[in-house]
>>> print(open('data-v5.cif').read())   # mmCIF, C-alpha atoms (C1' of nucleotides)
data_target
#
loop_
_atom_site.label_atom_id
_atom_site.label_comp_id
_atom_site.auth_asym_id
_atom_site.auth_seq_id
_atom_site.Cartn_x
_atom_site.Cartn_y
_atom_site.Cartn_z
CA MET A 1 -13.12 77.80 48.74
CA SER A 2 -16.07 76.67 50.80
CA SER A 3 -15.63 75.60 54.40
CA ASN A 4 -17.68 72.55 53.49
CA SER A 5 -15.24 71.47 50.86
CA PHE A 6 -13.18 68.31 50.80
CA LYS A 7 -10.13 68.30 48.57
CA LEU A 8 -8.21 65.27 47.44
CA ALA A 9 -5.06 65.41 45.35
CA THR A 10 -3.03 62.81 43.48
CA TRP A 11 0.55 63.31 42.31
CA ASN A 12 3.24 61.04 40.92
CA ILE A 13 6.11 62.77 42.71
CA ASN A 14 9.04 60.77 41.24
CA SER A 15 10.99 60.66 44.53
CA VAL A 16 9.34 62.22 47.57
CA ARG A 17 12.69 62.79 49.28
CA LEU A 18 14.12 64.78 46.38
CA ARG A 19 10.96 66.84 45.97
CA ILE A 20 9.72 67.28 49.53
CA GLY A 21 10.19 71.05 49.10
CA LEU A 22 7.80 71.08 46.15
CA VAL A 23 5.33 68.96 48.11
CA GLU A 24 5.46 71.45 50.99
CA ASP A 25 4.85 74.36 48.62
CA PHE A 26 1.96 72.49 47.08
CA LEU A 27 0.37 71.66 50.44
CA LYS A 28 0.69 75.28 51.58
CA SER A 29 -0.79 76.70 48.41
CA HIS A 30 -3.54 74.16 47.70
CA ALA A 31 -4.22 72.59 51.10
CA PRO A 32 -5.78 69.29 50.04
CA ASP A 33 -7.31 67.26 52.86
CA VAL A 34 -5.81 64.10 51.40
CA LEU A 35 -2.76 63.70 49.18
CA CYS A 36 -2.05 60.47 47.32
CA LEU A 37 1.53 60.14 46.12
CA GLN A 38 3.02 57.63 43.71
CA GLU A 39 6.63 56.76 42.94
CA ILE A 40 7.85 57.84 46.35
CA LYS A 41 11.01 55.81 45.60
CA CYS A 42 11.96 55.24 49.21
CA GLN A 43 11.52 52.74 51.98
CA ASN A 44 8.91 53.35 54.68
CA ASP A 45 11.42 54.54 57.28
CA GLN A 46 12.84 57.07 54.79
CA PHE A 47 9.47 58.73 54.16
CA PRO A 48 9.69 62.40 55.25
CA GLU A 49 6.82 62.27 57.75
CA LYS A 50 8.06 65.25 59.75
CA ALA A 51 7.59 67.68 56.88
CA PHE A 52 3.98 66.56 56.52
CA ARG A 53 3.27 66.69 60.25
CA LYS A 54 4.48 70.28 60.42
CA LEU A 55 1.79 71.19 57.90
CA GLY A 56 -0.98 69.36 59.73
CA TYR A 57 -0.87 66.06 57.87
CA GLU A 58 -0.62 63.56 60.70
CA HIS A 59 -2.18 60.45 59.21
CA PHE A 60 -0.22 58.18 56.92
CA ALA A 61 -0.44 55.02 54.89
CA VAL A 62 3.00 54.54 53.40
CA HIS A 63 4.04 51.58 51.26
CA GLY A 64 7.47 52.11 49.86
CA GLN A 65 10.33 49.96 48.66
CA LYS A 66 13.92 50.58 47.84
CA GLY A 67 14.59 52.63 44.75
CA TYR A 68 11.41 52.09 42.79
CA HIS A 69 7.64 52.52 42.87
CA GLY A 70 5.98 53.09 46.23
CA VAL A 71 2.71 54.81 47.15
CA ALA A 72 1.70 56.94 50.12
CA THR A 73 -1.58 58.44 51.22
CA VAL A 74 -1.32 61.29 53.71
CA SER A 75 -4.23 63.04 55.36
CA LYS A 76 -5.25 65.80 57.71
CA SER A 77 -8.25 63.70 58.78
CA PRO A 78 -8.08 60.32 60.46
CA LEU A 79 -7.26 57.54 58.09
CA ARG A 80 -7.37 53.80 58.52
CA GLU A 81 -5.46 51.54 56.20
CA ILE A 82 -7.62 48.79 54.74
CA ALA A 83 -5.13 46.99 52.53
CA SER A 84 -2.09 47.23 50.34
CA THR A 85 -2.63 44.65 47.64
CA ASP A 86 0.29 43.07 45.81
CA TYR A 87 -1.29 42.86 42.37
CA VAL A 88 0.21 40.10 40.19
CA SER A 89 2.29 39.05 43.23
CA MET A 90 5.49 40.71 42.07
CA GLY A 91 6.38 42.09 45.48
CA ASP A 92 5.93 45.67 44.19
CA THR A 93 4.41 48.45 46.31
CA ARG A 94 1.82 49.82 43.90
CA HIS A 95 -1.42 50.08 45.85
CA VAL A 96 -2.75 51.26 49.17
CA GLU A 97 -6.38 51.49 50.16
CA CYS A 98 -7.62 53.57 53.10
CA GLN A 99 -10.77 54.65 54.80
CA VAL A 100 -10.71 58.39 55.40
CA ASP A 101 -13.07 59.90 57.96
CA PHE A 102 -13.99 63.50 57.26
CA ARG A 103 -16.58 65.43 59.29
CA GLY A 104 -18.54 62.34 60.22
CA LYS A 105 -18.45 60.85 56.73
CA SER A 106 -16.28 58.05 55.44
CA LEU A 107 -14.67 57.51 52.12
CA CYS A 108 -12.60 54.66 50.70
CA VAL A 109 -9.53 55.90 48.83
CA HIS A 110 -7.54 53.64 46.50
CA ASN A 111 -4.10 54.92 45.54
CA PHE A 112 -2.52 53.14 42.52
CA TYR A 113 0.71 53.09 40.58
CA VAL A 114 0.03 50.86 37.57
CA PRO A 115 3.12 49.41 35.82
CA ALA A 116 4.32 51.44 32.84
CA GLY A 117 4.62 48.39 30.61
CA GLY A 118 7.93 48.87 28.78
CA ASP A 119 8.29 49.67 25.11
CA GLU A 120 6.77 46.86 23.09
CA PRO A 121 2.96 46.49 23.42
CA ASN A 122 3.09 42.74 23.03
CA PRO A 123 2.77 40.53 26.12
CA ALA A 124 4.29 37.55 24.29
CA VAL A 125 7.65 39.27 23.84
CA ASN A 126 7.61 41.93 26.57
CA PRO A 127 7.24 40.71 30.17
CA LYS A 128 6.65 44.29 31.37
CA PHE A 129 3.64 44.67 29.12
CA ASP A 130 2.39 41.26 30.22
CA HIS A 131 2.73 42.43 33.83
CA LYS A 132 0.78 45.61 33.08
CA MET A 133 -2.07 43.73 31.40
CA LYS A 134 -2.30 41.18 34.21
CA PHE A 135 -2.30 43.99 36.76
CA LEU A 136 -5.23 45.62 34.94
CA ASP A 137 -7.06 42.30 34.73
CA GLU A 138 -6.88 41.99 38.50
CA MET A 139 -8.14 45.56 38.91
CA LYS A 140 -11.40 44.56 37.21
CA ASN A 141 -12.55 43.02 40.51
CA LEU A 142 -12.39 46.36 42.31
CA ARG A 143 -15.91 47.60 43.05
CA HIS A 144 -16.69 51.22 43.88
CA ASP A 145 -19.26 50.00 46.42
CA ALA A 146 -17.16 47.34 48.13
CA TYR A 147 -17.53 48.85 51.60
CA GLY A 148 -20.92 50.56 51.58
CA VAL A 149 -19.27 54.00 51.55
CA PRO A 150 -18.38 56.11 48.51
CA SER A 151 -15.01 55.27 46.99
CA ILE A 152 -12.35 57.17 45.11
CA LEU A 153 -9.69 55.55 42.95
CA VAL A 154 -6.73 57.72 42.02
CA GLY A 155 -3.22 57.45 40.79
CA ASP A 156 -0.85 57.01 37.93
CA LEU A 157 -2.69 54.43 35.83
CA ASN A 158 -0.15 54.83 33.03
CA ILE A 159 -2.87 54.78 30.37
CA ALA A 160 -4.29 57.72 28.43
CA PRO A 161 -7.71 56.38 27.39
CA LEU A 162 -9.27 59.10 25.22
CA GLU A 163 -8.06 60.58 21.93
CA THR A 164 -7.88 63.94 23.69
CA ASP A 165 -5.76 62.41 26.47
CA VAL A 166 -2.71 62.40 24.18
CA TRP A 167 -1.05 65.00 21.99
CA SER A 168 -1.60 62.88 18.86
CA HIS A 169 -4.02 59.97 18.86
CA LYS A 170 -2.82 58.67 15.49
CA GLN A 171 0.85 58.83 16.38
CA LEU A 172 0.43 57.14 19.73
CA LEU A 173 -1.85 54.25 18.76
CA LYS A 174 1.10 51.86 18.82
CA VAL A 175 2.84 53.50 21.76
CA VAL A 176 2.46 51.88 25.18
CA SER A 177 -0.04 53.92 27.25
CA HIS A 178 -2.43 54.55 24.36
CA THR A 179 -2.74 51.22 22.51
CA PRO A 180 -6.29 49.92 21.95
CA ILE A 181 -5.73 46.83 24.13
CA GLU A 182 -4.74 49.07 27.04
CA THR A 183 -7.47 51.67 26.65
CA GLU A 184 -10.12 48.97 26.16
CA THR A 185 -8.93 47.08 29.23
CA LEU A 186 -8.91 50.26 31.31
CA ASN A 187 -12.47 50.97 30.16
CA THR A 188 -13.44 47.48 31.31
CA VAL A 189 -11.81 48.06 34.72
CA GLN A 190 -13.84 51.25 34.99
CA ALA A 191 -17.12 49.71 33.79
CA ASP A 192 -16.85 46.47 35.79
CA GLY A 193 -16.15 48.36 38.99
CA GLY A 194 -18.91 50.88 38.38
CA TRP A 195 -16.46 53.78 38.47
CA VAL A 196 -16.96 57.24 36.99
CA ASP A 197 -14.01 59.17 35.53
CA LEU A 198 -14.45 62.28 37.68
CA VAL A 199 -11.90 64.31 35.73
CA ARG A 200 -13.71 63.78 32.44
CA HIS A 201 -17.03 64.30 34.21
CA HIS A 202 -15.83 67.82 34.85
CA VAL A 203 -13.65 68.50 31.78
CA PRO A 204 -15.35 67.87 28.41
CA ALA A 205 -13.95 64.94 26.44
CA GLU A 206 -13.39 67.28 23.48
CA GLU A 207 -10.82 69.22 25.46
CA LYS A 208 -7.19 68.08 25.41
CA LEU A 209 -5.97 67.39 28.92
CA PHE A 210 -2.55 66.09 30.00
CA THR A 211 -0.97 65.30 33.36
CA TRP A 212 2.47 64.08 32.19
CA TRP A 213 5.16 65.47 29.90
CA SER A 214 8.37 63.57 29.21
CA TYR A 215 11.63 64.88 30.64
CA ARG A 216 13.21 64.18 27.27
CA ALA A 217 11.32 66.74 25.26
CA ARG A 218 13.34 69.88 24.76
CA ASP A 219 10.59 72.37 25.50
CA TRP A 220 7.73 70.53 27.17
CA ASP A 221 5.47 73.59 27.29
CA ALA A 222 5.83 74.69 23.68
CA ALA A 223 5.88 71.16 22.23
CA ASP A 224 3.07 70.11 24.60
CA LYS A 225 3.46 66.41 23.78
CA GLY A 226 1.70 65.31 26.93
CA ARG A 227 -0.53 62.46 28.00
CA ARG A 228 -3.24 62.11 30.66
CA LEU A 229 -1.79 59.21 32.61
CA ASP A 230 -3.06 60.22 36.05
CA HIS A 231 -6.67 59.75 37.02
CA VAL A 232 -9.38 60.41 39.57
CA TRP A 233 -12.29 57.99 39.50
CA GLY A 234 -15.15 57.78 41.95
CA SER A 235 -18.45 56.24 42.91
CA PRO A 236 -21.29 57.60 40.75
CA GLU A 237 -22.90 59.43 43.71
CA LEU A 238 -19.78 61.56 44.08
CA THR A 239 -20.54 63.34 40.81
CA GLN A 240 -23.31 65.19 42.66
CA HIS A 241 -20.78 66.57 45.13
CA LEU A 242 -17.92 67.26 42.74
CA THR A 243 -17.36 71.01 42.54
CA GLY A 244 -14.04 71.22 40.78
CA ILE A 245 -11.13 69.51 39.07
CA GLU A 246 -7.79 71.24 38.78
CA VAL A 247 -4.84 69.88 36.82
CA LEU A 248 -1.86 71.88 38.01
CA ARG A 249 -0.03 72.21 34.70
CA ALA A 250 2.19 74.94 36.12
CA ALA A 251 3.83 72.36 38.40
CA ARG A 252 5.62 70.90 35.38
CA GLY A 253 7.48 74.20 35.10
CA TRP A 254 8.64 74.31 38.72
CA GLU A 255 12.29 73.95 39.60
CA LYS A 256 13.40 70.29 39.42
CA PRO A 257 9.84 69.15 38.69
CA SER A 258 8.27 65.73 38.60
CA ASP A 259 7.31 64.73 35.07
CA HIS A 260 3.73 64.39 36.38
CA VAL A 261 1.60 67.22 37.79
CA PRO A 262 -0.95 67.10 40.62
CA ILE A 263 -4.68 66.71 40.05
CA ILE A 264 -6.97 68.15 42.70
CA ALA A 265 -10.61 67.14 43.04
CA GLU A 266 -12.87 69.24 45.23
CA PHE A 267 -16.18 68.11 46.68
CA ALA A 268 -18.96 69.87 48.57
CA ILE A 269 -19.80 67.89 51.68
"C1'" DA B 270 7.77 61.48 16.10
"C1'" DT B 271 9.93 59.73 19.79
"C1'" DG B 272 12.51 62.33 22.53
"C1'" DA B 273 18.14 61.81 24.67
"C1'" DC B 274 16.27 63.59 30.60
"C1'" DG B 275 16.37 62.39 35.34
"C1'" DG B 276 16.06 59.30 39.59
"C1'" DA B 277 18.19 55.62 42.68
"C1'" DT B 278 21.89 52.91 43.59
"C1'" DC B 279 26.96 49.17 47.27
"C1'" DT B 280 29.24 56.99 43.66
"C1'" DA B 281 30.22 54.82 38.71
"C1'" DA B 282 27.75 53.25 35.29
"C1'" DT B 283 23.74 50.94 35.05
"C1'" DC B 284 18.87 50.07 35.36
"C1'" DC B 285 14.49 52.10 34.89
"C1'" DG B 286 10.67 55.23 33.60
"C1'" DA B 287 6.45 55.85 29.67
#
>>> encode(input="data-v5.cif", output="structure tokens")
Amino acid sequence: MSSNSFKLATWNINSVRLRIGLVEDFLKSHAPDVLCLQEIKCQNDQFPEKAFRKLGYEHFAVHGQKGYHGVATVSKSPLREIASTDYVSMGDTRHVECQVDFRGKSLCVHNFYVPAGGDEPNPAVNPKFDHKMKFLDEMKNLRHDAYGVPSILVGDLNIAPLETDVWSHKQLLKVVSHTPIETETLNTVQADGGWVDLVRHHVPAEEKLFTWWSYRARDWDAADKGRRLDHVWGSPELTQHLTGIEVLRAARGWEKPSDHVPIIAEFAI
DNA sequence: ATGACGGATCTAATCCGA
């Protein structure tokens, strides 16, 4: 680990209150400079700030709501909240955007929790899928160069775009998260905004890579029926500084785990 | 191949996730 490194992690925690112990372990062992959490499932005043402060994370942008959804970006370095956009005007807390200042440089960090979309991949009969598609349509306006500083876009995008992002491409083509309309729309969001998929920039597209395994599978590790639903995108210039991507698969095997695992991106500054 | 699990909530059964 270089002293000139900047590490950013994203993790759908599926209740930050229930899993604050796991978060603490993760922060101690991996020490990211910035951690973006999704599905915190609590209101702002219930967010366990103290636990983060004890470990040196003193800067927060928390957008929670009761029971569902919710995103939080926590940082060792100063952070300024830019916006928390209510995509599709549903009143959900699914986005927060911050400027992070790190050793004299600034970075814009988008933290997203895209709607899952329900079961039926047809917007005409499934309002949840309609919501997901409209949410993605609005994301197309998001430029990587909106602020004149490099940007990062992370989170649970709830879409596995590549064939190698799912355990079986053929068997998941009609399953929400891997349908052509979703993967094509996500590709448009990426292309229109000028974003680069930093995870796939580092891990060859031929290689299977998952960040989520259902709780319902009997033996998640042996069956390995995962999907890559969580993502780290960035401005093209960040590819020159990217030194590593780690998907912490082991976290799925921790006690009382989230069904998602953390992704850590490391950059040389 | 969907799994039949796990979280939050007006603590009992319901809604939701993906």
>>> resolve_selection(input="data-v5.cif", expression="the PyMOL selection byres ((chain B and resi 285) around 12)", output="PyMOL selection string")
(chain A and resi 41+67-69+115-119+128) or (chain B and resi 275-278+283-284+286-287)
>>> residues_near_point(input="data-v5.cif", point="(9.1, 61.5, 21.7)", cutoff="10 Å", atoms="all atoms listed in the file", output="VMD selection string")
(chain A and resid 172 213 to 218 225 to 226) or (chain B and resid 270 to 273)
>>> resolve_selection(input="data-v5.cif", expression="the PyMOL selection byres ((chain A and resi 233) around 7)", output="JSON, numbers by chain")
{"A": [152, 153, 154, 195, 196, 197, 198, 231, 232, 234]}
>>> resolve_selection(input="data-v5.cif", expression="the PyMOL selection byres ((chain A and resi 122) around 12)", output="list in words")
Gly117, Gly118, Asp119, Glu120, Pro121, Pro123, Ala124, Val125, Asn126, Pro127, Lys128, Phe129, Asp130, His131, Lys132, Met133, Lys174, Val175, Val176, Thr179, Pro180, Ile181 and Glu182 of chain A
>>> atom_distance(input="data-v5.cif", atom1="CA of Phe102 (chain A)", atom2="CA of Phe6 (chain A)")
8.1 Å
>>> atom_distance(input="data-v5.cif", atom1="CA of His201 (chain A)", atom2="CA of Ala160 (chain A)")
15.5 Å
>>> atom_distance(input="data-v5.cif", atom1="CA of Ala222 (chain A)", atom2="CA of Val247 (chain A)")
17.6 Å
>>> closest_residue(input="data-v5.cif", among="A:Ser15, A:Val114, A:Pro161, A:Arg143", to="chain B", atoms="only C-alpha atoms (C1' of nucleotides)")
A:Ser15
